[in-house]
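Here's final_7.cif, which has mmCIF, C-alpha atoms:
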```cif
data_input
loop_
_atom_site.label_atom_id
_atom_site.label_comp_id
_atom_site.auth_asym_id
_atom_site.auth_seq_id
_atom_site.Cartn_x
_atom_site.Cartn_y
_atom_site.Cartn_z
CA MET A 8 31.51 -73.52 61.85
CA THR A 9 33.48 -70.27 61.81
CA GLU A 10 35.35 -70.30 65.14
CA ALA A 11 38.66 -69.43 63.51
CA TYR A 12 37.37 -66.11 62.21
CA GLY A 13 34.24 -65.29 64.13
CA CYS A 14 31.15 -64.67 62.03
CA MET A 15 30.95 -61.22 60.44
CA THR A 16 27.25 -61.68 59.66
CA CYS A 17 26.63 -61.67 63.41
CA ASN A 18 28.82 -58.58 63.80
CA VAL A 19 27.25 -55.78 61.81
CA GLY A 20 29.00 -52.62 62.98
CA ALA A 21 32.34 -54.38 63.41
CA THR A 22 35.49 -53.68 61.39
CA VAL A 23 36.07 -56.26 58.67
CA PRO A 24 39.53 -57.88 58.71
CA ASN A 25 41.50 -57.32 55.52
CA PHE A 26 40.99 -59.89 52.78
CA ARG A 27 42.26 -60.43 49.26
CA LEU A 28 40.71 -62.25 46.34
CA GLU A 29 41.95 -63.23 42.92
CA THR A 30 39.55 -61.87 40.33
CA TYR A 31 38.49 -62.08 36.75
CA GLU A 32 37.80 -58.55 35.52
CA PRO A 33 35.35 -58.55 32.62
CA SER A 34 36.00 -54.83 32.00
CA LYS A 35 39.64 -55.61 31.18
CA GLY A 36 39.20 -59.16 29.97
CA ASP A 37 42.00 -60.10 32.34
CA PHE A 38 42.75 -61.51 35.77
CA GLY A 39 43.49 -59.31 38.76
CA GLU A 40 43.38 -59.07 42.50
CA ILE A 41 41.24 -57.04 44.86
CA GLY A 42 41.51 -56.47 48.59
CA LEU A 43 39.75 -54.53 51.30
CA GLU A 44 42.84 -52.44 52.10
CA SER A 45 43.12 -51.17 48.54
CA GLN A 46 39.40 -50.37 48.54
CA MET A 47 39.81 -48.38 51.76
CA ALA A 48 42.93 -46.65 50.44
CA SER A 49 40.90 -45.39 47.45
CA LYS A 50 38.03 -44.41 49.80
CA LYS A 51 35.59 -46.80 48.13
CA TRP A 52 32.59 -48.64 49.51
CA THR A 53 32.69 -52.39 49.01
CA ILE A 54 29.64 -54.53 48.30
CA LEU A 55 30.36 -58.25 48.55
CA PHE A 56 27.83 -60.34 46.63
CA PHE A 57 28.22 -64.05 47.40
CA TYR A 58 26.46 -66.67 45.26
CA PRO A 59 26.72 -70.46 45.14
CA ALA A 60 28.33 -71.22 41.79
CA ASP A 61 29.07 -70.10 38.24
CA PHE A 62 26.93 -71.62 35.48
CA THR A 63 23.91 -71.59 37.76
CA PHE A 64 21.04 -69.16 37.95
CA VAL A 65 21.88 -66.09 40.01
CA MET B 18 29.19 -43.63 43.36
CA GLY B 19 32.53 -44.59 44.87
CA ALA B 20 31.50 -48.19 45.36
CA GLU B 21 32.79 -51.44 44.00
CA VAL B 22 30.54 -54.46 43.73
CA ILE B 23 32.57 -57.66 43.97
CA THR B 24 30.76 -60.89 43.17
CA VAL B 25 32.19 -63.87 45.03
CA SER B 26 31.81 -67.61 44.62
CA THR B 27 34.03 -70.59 45.36
CA ASP B 28 34.79 -71.00 41.64
CA THR B 29 38.26 -70.21 40.31
CA LYS B 30 38.97 -67.07 38.26
CA PHE B 31 39.31 -69.32 35.20
CA VAL B 32 35.75 -70.57 35.58
CA HIS B 33 34.59 -66.97 36.12
CA LEU B 34 36.18 -66.06 32.79
CA ALA B 35 34.58 -69.00 30.99
CA TRP B 36 31.14 -68.30 32.46
CA GLN B 37 31.21 -64.57 31.73
CA ARG B 38 32.34 -65.22 28.16
CA ASP B 39 29.81 -68.00 27.58
CA GLU B 40 26.64 -66.69 29.18
CA LYS B 41 25.00 -63.90 27.17
CA GLU B 42 23.13 -62.70 30.25
CA LEU B 43 26.55 -61.66 31.60
CA ALA B 44 27.75 -59.86 28.49
CA ASN B 45 27.52 -56.44 30.16
CA VAL B 46 29.05 -57.40 33.50
CA LYS B 47 31.64 -54.82 34.59
CA PHE B 48 32.33 -55.72 38.21
CA PRO B 49 35.28 -57.83 39.32
CA MET B 50 34.37 -61.48 39.87
CA GLY B 51 36.21 -62.69 42.96
CA SER B 52 37.41 -66.24 43.44
CA ASP B 53 37.04 -67.63 46.95
CA ALA B 54 38.20 -71.16 46.12
CA GLY B 55 38.34 -72.99 49.43
CA GLY B 56 35.74 -70.70 50.97
CA LYS B 57 37.97 -68.73 53.34
CA LEU B 58 36.12 -65.43 52.84
CA ALA B 59 32.69 -67.12 52.82
CA ARG B 60 33.57 -68.72 56.18
CA MET B 61 34.63 -65.35 57.56
CA PHE B 62 31.18 -64.00 56.72
CA GLY B 63 29.38 -67.11 57.93
CA VAL B 64 27.87 -67.95 54.52
CA TYR B 65 29.89 -71.09 53.74
CA ASP B 66 27.85 -74.28 53.50
CA GLU B 67 30.34 -76.97 54.60
CA THR B 68 28.20 -79.82 53.29
CA ALA B 69 27.80 -78.48 49.76
CA ALA B 70 31.15 -76.57 49.76
CA LEU B 71 29.29 -73.57 48.31
CA ALA B 72 28.53 -70.03 49.46
CA LEU B 73 24.97 -69.02 50.33
CA ARG B 74 23.50 -65.84 48.83
CA GLY B 75 25.04 -63.30 51.18
CA THR B 76 25.31 -59.55 50.57
CA PHE B 77 27.53 -57.31 52.67
CA ILE B 78 28.02 -53.54 52.53
CA ILE B 79 31.34 -52.28 53.91
CA ASN B 80 32.05 -48.55 54.24
CA PRO B 81 35.34 -46.90 53.16
CA GLN B 82 36.56 -47.16 56.77
CA GLY B 83 36.20 -50.94 56.64
CA LYS B 84 33.12 -51.16 58.84
CA LEU B 85 30.41 -53.70 58.02
CA LEU B 86 27.06 -51.87 57.85
CA ASN B 87 24.65 -54.42 56.35
CA ALA B 88 24.42 -58.19 56.16
CA GLU B 89 21.75 -60.13 54.30
CA VAL B 90 21.81 -63.90 53.74
CA ASN B 91 19.35 -65.88 51.63
CA TYR B 92 19.17 -69.62 51.13
CA TYR B 93 19.94 -71.02 47.65
CA ASN B 94 16.41 -70.82 46.35
CA LEU B 95 15.66 -67.15 46.95
CA GLY B 96 17.12 -64.38 44.81
CA ARG B 97 18.00 -60.94 46.09
CA ASN B 98 16.17 -57.73 45.34
CA ILE B 99 18.64 -55.32 43.74
CA ASP B 100 16.34 -52.32 44.38
CA GLU B 101 16.50 -53.09 48.11
CA LEU B 102 20.28 -53.42 47.95
CA MET B 103 20.50 -50.02 46.22
CA ARG B 104 18.11 -48.54 48.80
CA LYS B 105 20.34 -49.73 51.62
CA PHE B 106 23.46 -48.48 49.88
CA LYS B 107 21.95 -45.03 49.22
CA ALA B 108 20.74 -44.86 52.83
CA ASN B 109 24.26 -45.65 54.04
CA LEU B 110 25.70 -42.87 51.87
CA TYR B 111 23.10 -40.46 53.22
CA LEU B 112 23.65 -41.48 56.85
CA GLN B 113 27.41 -41.13 56.52
CA LYS B 114 26.77 -37.41 55.83
CA HIS B 115 23.90 -36.99 58.31
CA GLU B 116 25.02 -38.86 61.39
CA ALA B 117 22.27 -37.64 63.72
CA GLN B 118 19.49 -38.99 61.50
CA ALA B 119 18.00 -42.42 60.86
CA CYS B 120 16.38 -43.71 57.67
CA PRO B 121 13.02 -45.39 58.31
CA SER B 122 11.84 -48.49 56.44
CA LYS B 123 10.08 -46.53 53.70
CA TRP B 124 13.06 -44.25 52.99
CA LYS B 125 14.03 -44.50 49.32
CA GLU B 126 16.21 -41.52 48.41
CA ASP B 127 17.64 -38.17 49.52
CA GLY B 128 14.68 -35.88 50.25
CA ASP B 129 12.49 -38.60 51.81
CA LYS B 130 11.58 -38.20 55.46
CA THR B 131 14.13 -39.25 58.05
CA LEU B 132 13.94 -39.46 61.81
CA THR B 133 16.22 -37.66 64.24
CA PRO B 134 16.06 -39.52 67.55
CA SER B 135 15.46 -37.15 70.48
CA ALA B 136 13.38 -36.89 73.64
CA LYS B 137 10.68 -35.09 71.60
CA LEU B 138 10.38 -38.00 69.15
CA VAL B 139 9.58 -40.64 71.78
CA GLY B 140 6.06 -41.90 71.09
CA LYS B 141 5.70 -39.44 68.17
CA VAL B 142 7.12 -41.42 65.24
CA TYR B 143 3.70 -41.60 63.57
CA GLU B 144 3.38 -37.80 63.61
CA ALA B 145 6.98 -37.32 62.47
CA LEU B 146 6.50 -39.55 59.42
CA LYS B 147 3.10 -38.13 58.44
#
```
Would it be possible to restate this file's structure as structure tokens?
Amino acid sequence: MTEAYGCMTCNVGATVPNFRLETYEPSKGDFGEIGLESQMASKKWTILFFYPADFTFV
Amino acid sequence: MGAEVITVSTDTKFVHLAWQRDEKELANVKFPMGSDAGGKLARMFGVYDETAALALRGTFIINPQGKLLNAEVNYYNLGRNIDELMRKFKANLYLQKHEAQACPSKWKEDGDKTLTPSAKLVGKVYEALK
């Protein structure tokens, strides 16, 4: 299923490849972008919280 | 705390906006809502359900050096315990500063008992945690 990338879930302890996501930022009421490199540059921890879909019941 | 929570689903940023604006439960949401339309990031973390084209409930803690330290994946019908997520995050922060130690399962916050693996500790975990 994930041959192209390897599966990070099976690789706790490994370095995560950089990624970027478009975002909606409720604190600004505007769109933005966030990436792992910028998080690392500002020495921040990153918690990724996946869920199936908006308008459902998280 | 020097951490950013990023919520991620396969919805677009436009749908994120509409949902956050519409749903009163989300009125106080401050964290960025990431769009993984197409599921590239979900695939990278092994939480993409190809049949449903949705992401499973996966939580991942990455340290400031880019290392993945925790992975938790639940099926659709089981919610996550935020207290446990915070416990893991606090333990990671603590362990980053105290590299020789380990946080046992009942560790909750700074000041709770930790274990320091050594020859003396072998077979003596019970006594160490008492």
Output as CSV one row per residue of chain B within 6 Å of chain A: the closest atom pair and its distance in Å to one decimal place, counting only C-alpha atoms, sorted by chain and residue number ascending.
```
residue,atom,partner,partner_atom,distance
B:Gly19,CA,A:Lys51,CA,5.0
B:Ala20,CA,A:Trp52,CA,4.3
B:Glu21,CA,A:Thr53,CA,5.1
B:Val22,CA,A:Ile54,CA,4.7
B:Ile23,CA,A:Leu55,CA,5.1
B:Thr24,CA,A:Phe56,CA,4.6
B:Val25,CA,A:Phe57,CA,4.6
B:Ser26,CA,A:Tyr58,CA,5.5
B:Lys30,CA,A:Tyr31,CA,5.2
B:Lys47,CA,A:Ser34,CA,5.1
B:Pro49,CA,A:Glu32,CA,4.6
B:Met50,CA,A:Tyr31,CA,5.2
B:Gly51,CA,A:Thr30,CA,4.3
B:Ser52,CA,A:Glu29,CA,5.5
B:Arg60,CA,A:Thr9,CA,5.8
B:Met61,CA,A:Tyr12,CA,5.5
B:Phe62,CA,A:Met15,CA,4.6
B:Gly63,CA,A:Cys14,CA,5.1
B:Leu71,CA,A:Pro59,CA,5.1
B:Ala72,CA,A:Pro59,CA,4.7
B:Leu73,CA,A:Pro59,CA,5.7
B:Arg74,CA,A:Tyr58,CA,4.7
B:Gly75,CA,A:Phe57,CA,5.0
B:Thr76,CA,A:Phe56,CA,4.7
B:Phe77,CA,A:Leu55,CA,5.1
B:Ile78,CA,A:Ile54,CA,4.6
B:Ile79,CA,A:Thr53,CA,5.1
B:Asn80,CA,A:Trp52,CA,4.8
B:Pro81,CA,A:Trp52,CA,4.9
B:Gly83,CA,A:Thr22,CA,5.5
B:Lys84,CA,A:Thr22,CA,4.3
B:Leu85,CA,A:Gly20,CA,5.3
B:Leu86,CA,A:Gly20,CA,5.5
B:Ala88,CA,A:Thr16,CA,5.7
```
Name all residues at most 10 Å from Glu116 of chain B (count all atoms listed in the file; drop same-chain ones fewer than 4 positions away) and give them as a PDB file with C-alpha atoms, in the coordinates of the input.
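Output file result31.pdb is given in full below:
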```
ATOM      1  CA  TYR B 111      23.100 -40.460  53.220  1.00  0.00           C
ATOM      2  CA  LEU B 112      23.650 -41.480  56.850  1.00  0.00           C
ATOM      3  CA  THR B 133      16.220 -37.660  64.240  1.00  0.00           C
TER       4      THR B 133
END
```
- Residue among B:Phe106, B:Phe48, B:Trp124, B:Tyr93 lying closest to Asp66 of chain B, counting all atoms listed in the file: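 For Asp66 of chain B, the nearest of the given residues is B:Tyr93.
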- Contact residues around Thr29 of chain B with all atoms listed in the file at 7 Å, ignoring same-chain residues under 3 positions, as a list in words: Val32, His33, Ser52 and Ala54 of chain B
- Query: On this structure, which residues satisfy the PyMOL selection byres ((chain B and resi 134) around 12), written as number ranges by chain?
  - Reply: B: 116-121, 131-133, 135-142, 145
- Report the distance between atom CA of Thr27 of chain B and atom CA of Gly96 of chain B in Å, rounded to one decimal place. 18.0 Å
